[in-house]
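Okay, my_file03.cif now, which holds mmCIF, C-alpha atoms and all ligand atoms:
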data_upload
loop_
_atom_site.label_atom_id
_atom_site.label_comp_id
_atom_site.auth_asym_id
_atom_site.auth_seq_id
_atom_site.Cartn_x
_atom_site.Cartn_y
_atom_site.Cartn_z
CA MET A 1 82.10 119.36 103.40
CA ARG A 2 82.97 123.06 103.19
CA TRP A 3 86.63 122.38 102.53
CA LEU A 4 85.58 120.24 99.57
CA ALA A 5 83.53 123.06 98.09
CA ALA A 6 86.43 125.45 98.62
CA LEU A 7 88.62 123.15 96.57
CA LEU A 8 86.50 123.77 93.51
CA CYS A 9 88.08 127.22 93.26
CA VAL A 10 91.68 126.03 93.52
CA PRO A 11 93.46 125.87 90.17
CA ILE A 12 95.15 122.51 89.64
CA THR A 13 98.53 124.14 89.02
CA VAL A 14 98.82 125.25 92.66
CA LEU A 15 98.07 121.80 94.04
CA ALA A 16 100.88 119.99 95.74
CA ALA A 17 102.95 117.53 93.75
CA PRO A 18 102.72 113.94 94.97
CA PRO A 19 104.85 113.46 98.10
CA SER A 20 108.30 112.06 97.40
CA ALA A 21 107.82 108.83 99.35
CA PRO A 22 104.51 107.25 98.35
CA ARG A 23 102.51 105.69 101.17
CA SER A 24 100.40 102.59 100.70
CA GLY A 25 96.67 102.74 101.40
CA LEU A 26 97.44 100.31 104.21
CA GLU A 27 99.00 103.16 106.21
CA PHE A 28 95.73 105.10 106.10
CA ALA A 29 93.62 102.13 107.15
CA SER A 30 92.31 101.59 110.67
CA ALA A 31 94.12 99.24 113.05
CA ASP A 32 91.56 96.45 112.65
CA VAL A 33 91.79 96.55 108.86
CA ARG A 34 95.59 96.54 109.02
CA ALA A 35 95.49 93.54 111.35
CA LEU A 36 93.26 91.65 108.90
CA GLN A 37 95.63 92.28 106.01
CA ALA A 38 98.70 91.34 108.01
CA ASP A 39 97.45 87.86 108.94
CA ASP A 40 97.07 85.47 106.00
CA PHE A 41 94.78 83.25 108.07
CA ALA A 42 92.42 86.14 108.88
CA ASN A 43 92.69 88.00 105.55
CA PRO A 44 89.44 87.18 103.71
CA GLY A 45 91.16 87.97 100.38
CA MET A 46 93.19 84.79 100.82
CA LEU A 47 90.01 82.78 100.12
CA TRP A 48 90.19 84.04 96.52
CA VAL A 49 93.89 83.27 96.32
CA ASP A 50 93.08 79.70 97.38
CA ARG A 51 90.28 79.50 94.81
CA GLY A 52 92.72 80.77 92.20
CA ALA A 53 95.15 78.00 93.10
CA LYS A 54 92.42 75.41 92.46
CA LEU A 55 91.37 77.01 89.16
CA TRP A 56 95.03 77.13 88.10
CA SER A 57 95.11 73.36 87.83
CA THR A 58 91.56 72.84 86.52
CA PRO A 59 91.36 72.07 82.77
CA ALA A 60 89.04 74.38 80.82
CA GLY A 61 87.86 75.16 77.30
CA ALA A 62 87.94 73.25 74.05
CA ALA A 63 91.68 72.68 74.55
CA ALA A 64 90.92 70.99 77.92
CA GLN A 65 94.12 72.60 79.21
CA SER A 66 94.76 73.99 82.67
CA CYS A 67 96.97 76.99 83.35
CA ALA A 68 99.30 74.56 85.12
CA GLY A 69 99.43 72.38 82.00
CA CYS A 70 101.51 75.11 80.33
CA HIS A 71 102.84 77.27 83.16
CA ARG A 72 103.51 74.49 85.72
CA GLU A 73 104.04 75.82 89.27
CA ALA A 74 102.66 79.35 89.63
CA PRO A 75 104.99 80.26 92.54
CA VAL A 76 107.84 79.74 90.06
CA SER A 77 106.44 80.72 86.66
CA MET A 78 104.24 83.63 87.83
CA LYS A 79 106.71 85.15 90.28
CA GLY A 80 107.23 88.78 89.27
CA VAL A 81 104.73 88.64 86.39
CA ALA A 82 102.30 91.09 88.01
CA THR A 83 105.09 93.67 88.31
CA ARG A 84 105.02 94.04 84.50
CA TYR A 85 101.32 94.86 84.04
CA PRO A 86 99.57 96.81 82.61
CA ARG A 87 101.68 96.81 79.48
CA PHE A 88 101.26 96.98 75.72
CA ASP A 89 100.71 93.56 74.18
CA ARG A 90 101.87 93.36 70.57
CA GLU A 91 99.76 90.34 69.71
CA SER A 92 96.48 91.96 70.75
CA GLY A 93 97.55 95.51 69.82
CA ALA A 94 96.31 96.91 73.14
CA VAL A 95 97.47 97.72 76.65
CA LEU A 96 96.48 94.79 78.85
CA ASN A 97 96.14 94.73 82.59
CA LEU A 98 96.67 91.45 84.41
CA GLU A 99 93.00 90.46 84.16
CA ALA A 100 93.03 90.99 80.39
CA ARG A 101 96.34 89.12 80.06
CA ILE A 102 94.82 86.13 81.87
CA ASN A 103 91.71 86.31 79.71
CA ARG A 104 93.91 86.22 76.61
CA CYS A 105 95.27 82.86 77.69
CA ARG A 106 91.69 81.78 78.36
CA SER A 107 90.62 82.54 74.81
CA THR A 108 93.77 81.90 72.75
CA ARG A 109 95.32 79.00 74.70
CA GLN A 110 92.47 77.25 76.49
CA LEU A 111 89.97 78.06 73.73
CA ALA A 112 87.43 79.02 76.38
CA ASP A 113 85.11 82.02 76.71
CA PRO A 114 86.79 84.94 78.48
CA LEU A 115 85.87 85.22 82.16
CA GLY A 116 83.52 88.10 83.04
CA PHE A 117 84.77 91.26 84.72
CA GLU A 118 84.49 90.90 88.51
CA SER A 119 83.51 87.23 88.20
CA ASP A 120 84.78 85.17 91.12
CA GLU A 121 86.90 83.10 88.70
CA LEU A 122 88.69 86.06 87.13
CA LEU A 123 89.23 87.75 90.50
CA ALA A 124 90.52 84.49 91.96
CA LEU A 125 92.99 83.83 89.13
CA THR A 126 94.15 87.47 89.12
CA ALA A 127 94.60 87.49 92.90
CA TYR A 128 96.48 84.18 92.71
CA VAL A 129 98.83 85.38 89.98
CA ALA A 130 99.37 88.82 91.59
CA HIS A 131 99.96 87.20 94.97
CA GLN A 132 103.02 85.44 93.52
CA SER A 133 104.57 88.94 93.27
CA ARG A 134 103.66 90.09 96.77
CA GLY A 135 106.53 92.13 98.16
CA GLN A 136 107.91 92.98 94.72
CA VAL A 137 108.13 96.46 93.20
CA PRO A 138 106.32 96.99 89.87
CA ILE A 139 108.44 97.84 86.85
CA PRO A 140 106.44 100.28 84.69
CA ALA A 141 106.47 99.18 81.05
CA ASP A 142 108.76 101.34 78.97
CA ASP A 143 107.88 100.65 75.33
CA ALA A 144 106.55 103.55 73.24
CA ALA A 145 102.93 102.39 73.19
CA SER A 146 102.83 101.86 76.96
CA ARG A 147 104.44 105.25 77.52
CA ALA A 148 101.85 106.98 75.34
CA ALA A 149 99.02 105.20 77.16
CA ARG A 150 100.53 106.14 80.53
CA GLU A 151 100.67 109.78 79.48
CA ARG A 152 96.95 109.67 78.64
CA GLY A 153 96.38 108.17 82.10
CA ARG A 154 98.39 110.96 83.70
CA GLU A 155 96.37 113.65 81.91
CA GLN A 156 93.20 111.98 83.09
CA TYR A 157 94.47 111.91 86.66
CA PHE A 158 94.76 115.71 86.65
CA ARG A 159 91.54 116.41 84.71
CA ARG A 160 88.49 117.64 86.59
CA GLN A 161 85.45 115.41 86.19
CA GLY A 162 81.81 115.04 87.10
CA GLN A 163 79.31 117.31 88.77
CA MET A 164 81.73 117.85 91.65
CA ASN A 165 84.35 118.99 89.15
CA LEU A 166 87.21 117.26 90.97
CA ALA A 167 90.28 115.51 89.59
CA CYS A 168 91.92 112.46 91.16
CA THR A 169 94.76 114.71 92.33
CA HIS A 170 92.41 116.90 94.38
CA CYS A 171 91.63 114.06 96.72
CA HIS A 172 94.62 111.74 96.51
CA ASP A 173 97.47 114.29 96.54
CA ARG A 174 96.02 117.34 98.21
CA LEU A 175 93.68 115.72 100.70
CA ALA A 176 95.41 112.45 101.57
CA GLY A 177 94.97 111.84 105.29
CA ARG A 178 91.77 113.93 105.50
CA ARG A 179 88.44 112.33 106.21
CA LEU A 180 85.66 112.16 103.67
CA LEU A 181 82.47 111.01 105.38
CA ALA A 182 83.42 107.71 107.03
CA GLU A 183 86.65 107.18 105.07
CA THR A 184 90.19 108.45 105.34
CA ILE A 185 91.43 109.50 101.92
CA SER A 186 94.64 107.69 100.99
CA GLU A 187 97.12 108.55 98.26
CA GLY A 188 95.13 106.40 95.83
CA HIS A 189 97.63 103.68 94.95
CA GLY A 190 96.62 100.42 93.32
CA ASN A 191 99.35 98.17 94.75
CA GLY A 192 96.97 96.03 96.84
CA TYR A 193 94.51 94.99 94.14
CA PRO A 194 92.52 92.88 93.65
CA ALA A 195 91.62 93.76 97.23
CA TYR A 196 89.04 92.64 99.75
CA ARG A 197 86.80 95.52 100.68
CA LEU A 198 84.59 95.22 103.74
CA GLU A 199 81.99 97.44 102.09
CA TRP A 200 81.84 95.05 99.11
CA GLN A 201 81.88 91.96 101.32
CA GLY A 202 84.15 90.52 98.69
CA LEU A 203 87.17 90.89 96.48
CA GLY A 204 87.18 93.57 93.77
CA SER A 205 89.51 94.70 91.02
CA LEU A 206 91.33 98.01 90.83
CA GLN A 207 88.93 99.02 88.06
CA ARG A 208 85.98 98.46 90.37
CA ARG A 209 87.64 100.77 92.92
CA LEU A 210 88.36 103.40 90.24
CA ARG A 211 84.78 103.26 89.00
CA ALA A 212 83.61 103.95 92.56
CA CYS A 213 85.80 107.09 92.56
CA PHE A 214 84.20 108.28 89.30
CA THR A 215 80.76 107.74 90.82
CA GLY A 216 81.94 109.54 93.96
CA VAL A 217 82.49 112.76 92.02
CA ARG A 218 79.24 112.13 90.10
CA ALA A 219 81.01 111.46 86.83
CA GLU A 220 79.99 108.69 84.49
CA ALA A 221 82.33 105.75 85.13
CA PRO A 222 83.93 104.20 82.04
CA PRO A 223 82.82 100.58 81.56
CA PHE A 224 85.06 97.74 82.83
CA GLY A 225 87.92 97.15 80.43
CA ALA A 226 87.67 100.64 78.87
CA PRO A 227 91.04 102.04 77.68
CA GLU A 228 90.58 105.03 80.06
CA LEU A 229 90.63 102.72 83.08
CA VAL A 230 93.60 100.68 81.84
CA GLU A 231 95.51 103.90 81.13
CA LEU A 232 94.78 105.17 84.63
CA GLU A 233 96.01 101.85 86.05
CA LEU A 234 99.20 102.22 84.03
CA TYR A 235 99.79 105.74 85.32
CA LEU A 236 99.05 104.70 88.91
CA THR A 237 101.73 101.99 88.67
CA GLN A 238 104.36 104.57 87.81
CA ARG A 239 103.04 107.06 90.35
CA ALA A 240 103.30 104.45 93.13
CA GLY A 241 107.06 104.27 92.55
CA PRO A 242 108.71 101.82 94.94
CA LEU A 243 105.51 100.66 96.69
CA ARG A 244 105.44 96.88 96.82
CA ILE A 245 102.60 94.67 95.66
CA GLU A 246 100.34 93.71 98.62
CA THR A 247 97.70 91.59 96.93
CA PRO A 248 95.32 90.73 98.48
CA ALA A 249 95.00 93.99 100.46
CA VAL A 250 92.10 94.61 102.84
CA ARG A 251 90.23 97.90 102.74
CA ARG A 252 87.28 99.40 104.52
C1 LIG B 1 98.38 76.11 76.00
C2 LIG B 1 99.33 76.78 76.90
C3 LIG B 1 98.81 77.85 77.84
C4 LIG B 1 97.75 77.76 78.70
C5 LIG B 1 96.75 76.64 78.89
C6 LIG B 1 97.76 78.99 79.46
N1 LIG B 1 98.76 79.80 79.06
FE1 LIG B 1 99.31 81.59 79.85
N2 LIG B 1 100.72 81.83 78.44
C7 LIG B 1 101.08 80.86 77.52
C8 LIG B 1 102.17 81.38 76.71
C9 LIG B 1 102.86 80.64 75.55
C10 LIG B 1 102.44 82.69 77.18
C11 LIG B 1 103.49 83.69 76.70
C12 LIG B 1 103.32 84.02 75.27
C13 LIG B 1 102.11 84.88 75.02
O1 LIG B 1 102.24 86.11 75.18
O2 LIG B 1 101.05 84.36 74.68
C14 LIG B 1 101.52 82.92 78.27
C15 LIG B 1 101.49 84.08 79.04
C16 LIG B 1 100.78 84.23 80.22
C17 LIG B 1 100.89 85.35 81.13
C18 LIG B 1 101.83 86.56 80.96
C19 LIG B 1 103.20 86.15 81.43
C20 LIG B 1 104.22 87.25 81.32
O3 LIG B 1 105.39 86.96 81.65
O4 LIG B 1 103.91 88.38 80.93
C21 LIG B 1 100.03 85.14 82.16
C22 LIG B 1 99.78 86.02 83.36
C23 LIG B 1 99.37 83.88 81.89
N3 LIG B 1 99.85 83.37 80.73
C24 LIG B 1 98.41 83.32 82.72
C25 LIG B 1 97.69 82.17 82.38
C26 LIG B 1 96.58 81.68 83.16
C27 LIG B 1 96.04 82.29 84.44
C28 LIG B 1 96.13 80.55 82.51
C29 LIG B 1 94.92 79.69 82.89
C30 LIG B 1 93.65 80.41 82.95
C31 LIG B 1 96.97 80.34 81.35
N4 LIG B 1 97.90 81.35 81.31
C32 LIG B 1 96.84 79.30 80.47
C33 LIG B 1 100.54 79.61 77.37
C34 LIG B 1 99.44 79.13 78.06
C1 LIG B 2 86.24 113.16 96.16
C2 LIG B 2 87.51 112.56 96.44
C3 LIG B 2 88.05 111.52 95.47
C4 LIG B 2 88.35 111.67 94.14
C5 LIG B 2 88.19 112.92 93.29
C6 LIG B 2 88.92 110.42 93.70
N1 LIG B 2 88.95 109.53 94.73
FE1 LIG B 2 89.92 107.74 94.75
N2 LIG B 2 89.25 107.40 96.63
C7 LIG B 2 88.56 108.29 97.41
C8 LIG B 2 88.22 107.67 98.67
C9 LIG B 2 87.43 108.31 99.81
C10 LIG B 2 88.77 106.37 98.62
C11 LIG B 2 88.69 105.30 99.72
C12 LIG B 2 89.73 105.58 100.76
C13 LIG B 2 91.10 105.45 100.17
O1 LIG B 2 91.64 104.34 100.06
O2 LIG B 2 91.66 106.50 99.73
C14 LIG B 2 89.44 106.26 97.34
C15 LIG B 2 90.18 105.15 96.95
C16 LIG B 2 90.97 105.09 95.82
C17 LIG B 2 91.90 104.03 95.50
C18 LIG B 2 92.18 102.80 96.36
C19 LIG B 2 93.35 103.03 97.29
C20 LIG B 2 93.61 101.86 98.18
O3 LIG B 2 94.70 101.81 98.76
O4 LIG B 2 92.76 100.97 98.33
C21 LIG B 2 92.48 104.35 94.32
C22 LIG B 2 93.51 103.53 93.57
C23 LIG B 2 91.89 105.60 93.87
N3 LIG B 2 90.99 106.02 94.81
C24 LIG B 2 92.20 106.24 92.69
C25 LIG B 2 91.50 107.35 92.20
C26 LIG B 2 91.65 107.86 90.86
C27 LIG B 2 92.57 107.31 89.80
C28 LIG B 2 90.81 108.95 90.77
C29 LIG B 2 90.52 109.81 89.56
C30 LIG B 2 89.85 109.11 88.47
C31 LIG B 2 90.19 109.12 92.07
N4 LIG B 2 90.60 108.11 92.90
C32 LIG B 2 89.35 110.16 92.42
C33 LIG B 2 88.22 109.58 97.07
C34 LIG B 2 88.42 110.16 95.82
#
In structure tokens, how does this file's structure come out?
Ligand code: HEC
Ligand code: HEC
Amino acid sequence: MRWLAALLCVPITVLAAPPSAPRSGLEFASADVRALQADDFANPGMLWVDRGAKLWSTPAGAAAQSCAGCHREAPVSMKGVATRYPRFDRESGAVLNLEARINRCRSTRQLADPLGFESDELLALTAYVAHQSRGQVPIPADDAASRAARERGREQYFRRQGQMNLACTHCHDRLAGRRLLAETISEGHGNGYPAYRLEWQGLGSLQRRLRACFTGVRAEAPPFGAPELVELELYLTQRAGPLRIETPAVRR
């Protein structure tokens, strides 16, 4: 861990800029993890996608409406939708990630209680919707409010945090490819989420992964749904450039 301690003395300005061609976390994963992700029959994340497909056509809430009742066939209506999130939503006056966008339909269209963060239902629906954009390149939102939020996310990405006094950039730009304990540090892209993580024995959102990174540097993690996390997600989408959506990815 000596190299990590040495980093504490490096001013952020001398750290390398992100490499010009971003590399998916998949490229840093071990061969067995890559094999799991590549095979839809072996990929455990596909169980959530299948659950999402069932929930899609299950009526819910006081409106007794299913997602399919309004949106019909997800492979048609939801194709490309995940490439546009997170983005500013005028109606709710906030930047929404895909989970929050789905929960808005839950409360305003189905008249049902919003689904809990990291609940199987919300993960399943999010994975199902995002999966319809697998292979597509995200288009970072370009309205003024989204741009301002993304800039706050960018500042956060370069800000030192926690008892270890490390910023995201220290690990995910400077140290990508190096090992940290049992893991190989990737470039920290969110293009595979929600993702199945072997350590979690389940699917988890990008926010869950980000919160683990906060805890990793012994910083207090913002709560699920906090603007800080959504703003980071927004910045990560732009930072990932042409990386395609891989949901559901598999990680260690
Ligand atoms: C009563 C009709 C209705 C139901 C039921 C409904 N939605 Fe929607 N949904 C809409 C409408 C209308 C919009 C677009 C207008 C808006 O922003 O509200 C929308 C927008 C969306 C979007 C954003 C699309 C985009 O292009 O940005 C997503 C994602 C979505 N819905 C998912 C769902 C899911 C998942 C469910 C089931 C849990 C669901 N919706 C249930 C009517 C509905
Ligand atoms: C001390 C080093 C360290 C710091 C600082 C750190 N992370 Fe991570 N992060 C990791 C490790 C280790 C992993 C798991 C291996 C991997 O995928 O990189 C990870 C994973 C990720 C992933 C998932 C990548 C994938 O493909 O599954 C994202 C996204 C991410 N980090 C973003 C961030 C953000 C944003 C910050 C700043 C708030 C941050 N990290 C701070 C070490 C760090």
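Taking atom CA of Arg208 of chain A and atom CA of Thr108 of chain A as endpoints, the distance between them is 25.4 Å.
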Grab me every residue within 7 Å of ligand LIG 2 (chain B), counting only C-alpha atoms and all ligand atoms, and send it over as a ChimeraX atom specification.
-> /A:24-26,156-157,166-172,180,183-190,192,206,209-210,213-214,216-217,232,251
May I have the residues within 7 Å of Leu111 of chain A as a PyMOL selection string, using only C-alpha atoms and disregarding those fewer than 3 positions away in the same chain?
-> chain A and resi 61-63+106-108
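Nearest to Phe117 of chain A of all the residues A:Leu234, A:Ser205, A:Ala60, A:Arg160 is A:Ser205, counting all atoms listed in the file.
Take atom CA of Leu125 of chain A and atom CA of Asp89 of chain A: the distance between them is 19.4 Å.
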What do you get as JSON, numbers by chain if you pick all residues at most 9 Å from ligand LIG 1 (chain B), counting all atoms listed in the file?
-> {"A": [52, 55, 56, 57, 58, 59, 60, 63, 64, 65, 66, 67, 68, 69, 70, 71, 74, 77, 78, 79, 80, 81, 82, 84, 85, 87, 89, 90, 91, 98, 99, 100, 101, 102, 103, 104, 105, 106, 107, 108, 109, 110, 111, 122, 125, 126, 128, 129, 130]}
May I have the residues from that selection written out with C-alpha atoms, as a short mmCIF file (atom, residue, chain, number, x, y, z; two decimals), keeping the file's coordinate frame?
data_model
loop_
_atom_site.label_atom_id
_atom_site.label_comp_id
_atom_site.auth_asym_id
_atom_site.auth_seq_id
_atom_site.Cartn_x
_atom_site.Cartn_y
_atom_site.Cartn_z
CA GLY A 52 92.72 80.77 92.20
CA LEU A 55 91.37 77.01 89.16
CA TRP A 56 95.03 77.13 88.10
CA SER A 57 95.11 73.36 87.83
CA THR A 58 91.56 72.84 86.52
CA PRO A 59 91.36 72.07 82.77
CA ALA A 60 89.04 74.38 80.82
CA ALA A 63 91.68 72.68 74.55
CA ALA A 64 90.92 70.99 77.92
CA GLN A 65 94.12 72.60 79.21
CA SER A 66 94.76 73.99 82.67
CA CYS A 67 96.97 76.99 83.35
CA ALA A 68 99.30 74.56 85.12
CA GLY A 69 99.43 72.38 82.00
CA CYS A 70 101.51 75.11 80.33
CA HIS A 71 102.84 77.27 83.16
CA ALA A 74 102.66 79.35 89.63
CA SER A 77 106.44 80.72 86.66
CA MET A 78 104.24 83.63 87.83
CA LYS A 79 106.71 85.15 90.28
CA GLY A 80 107.23 88.78 89.27
CA VAL A 81 104.73 88.64 86.39
CA ALA A 82 102.30 91.09 88.01
CA ARG A 84 105.02 94.04 84.50
CA TYR A 85 101.32 94.86 84.04
CA ARG A 87 101.68 96.81 79.48
CA ASP A 89 100.71 93.56 74.18
CA ARG A 90 101.87 93.36 70.57
CA GLU A 91 99.76 90.34 69.71
CA LEU A 98 96.67 91.45 84.41
CA GLU A 99 93.00 90.46 84.16
CA ALA A 100 93.03 90.99 80.39
CA ARG A 101 96.34 89.12 80.06
CA ILE A 102 94.82 86.13 81.87
CA ASN A 103 91.71 86.31 79.71
CA ARG A 104 93.91 86.22 76.61
CA CYS A 105 95.27 82.86 77.69
CA ARG A 106 91.69 81.78 78.36
CA SER A 107 90.62 82.54 74.81
CA THR A 108 93.77 81.90 72.75
CA ARG A 109 95.32 79.00 74.70
CA GLN A 110 92.47 77.25 76.49
CA LEU A 111 89.97 78.06 73.73
CA LEU A 122 88.69 86.06 87.13
CA LEU A 125 92.99 83.83 89.13
CA THR A 126 94.15 87.47 89.12
CA TYR A 128 96.48 84.18 92.71
CA VAL A 129 98.83 85.38 89.98
CA ALA A 130 99.37 88.82 91.59
#
Nearby residues (all atoms listed in the file) at most 7 Å from segment 42-48 of chain A, same-chain spacing under 5 positions excluded, as a count of residues only | 8
Sel. within 8 Å of pt (103.2, 103.1, 94.4), counting all atoms listed in the file, output as a PyMOL selection string | chain A and resi 22-24+189-191+236-244
Just to be explicit: take each residue in the selection above, keep C-alpha atoms, and write the result as a compact mmCIF listing (two decimals), keeping the file's coordinate frame.
# COMPACT_ATOMS: atom_id res chain seq x y z
CA PRO A 22 104.51 107.25 98.35
CA ARG A 23 102.51 105.69 101.17
CA SER A 24 100.40 102.59 100.70
CA HIS A 189 97.63 103.68 94.95
CA GLY A 190 96.62 100.42 93.32
CA ASN A 191 99.35 98.17 94.75
CA LEU A 236 99.05 104.70 88.91
CA THR A 237 101.73 101.99 88.67
CA GLN A 238 104.36 104.57 87.81
CA ARG A 239 103.04 107.06 90.35
CA ALA A 240 103.30 104.45 93.13
CA GLY A 241 107.06 104.27 92.55
CA PRO A 242 108.71 101.82 94.94
CA LEU A 243 105.51 100.66 96.69
CA ARG A 244 105.44 96.88 96.82
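A straight line drawn from atom CA of Leu198 of chain A to atom CA of Phe158 of chain A is 28.6 Å long.
You can rank A:His131, A:Arg154, A:Arg197, A:Arg252 by their closest distance to Asp50 of chain A using only C-alpha atoms, and at the top of that list sits A:His131.
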Selection near Ala221 of chain A, 8 Å with only C-alpha atoms, sequence-local residues under 2 positions removed, as a count of residues only = 6
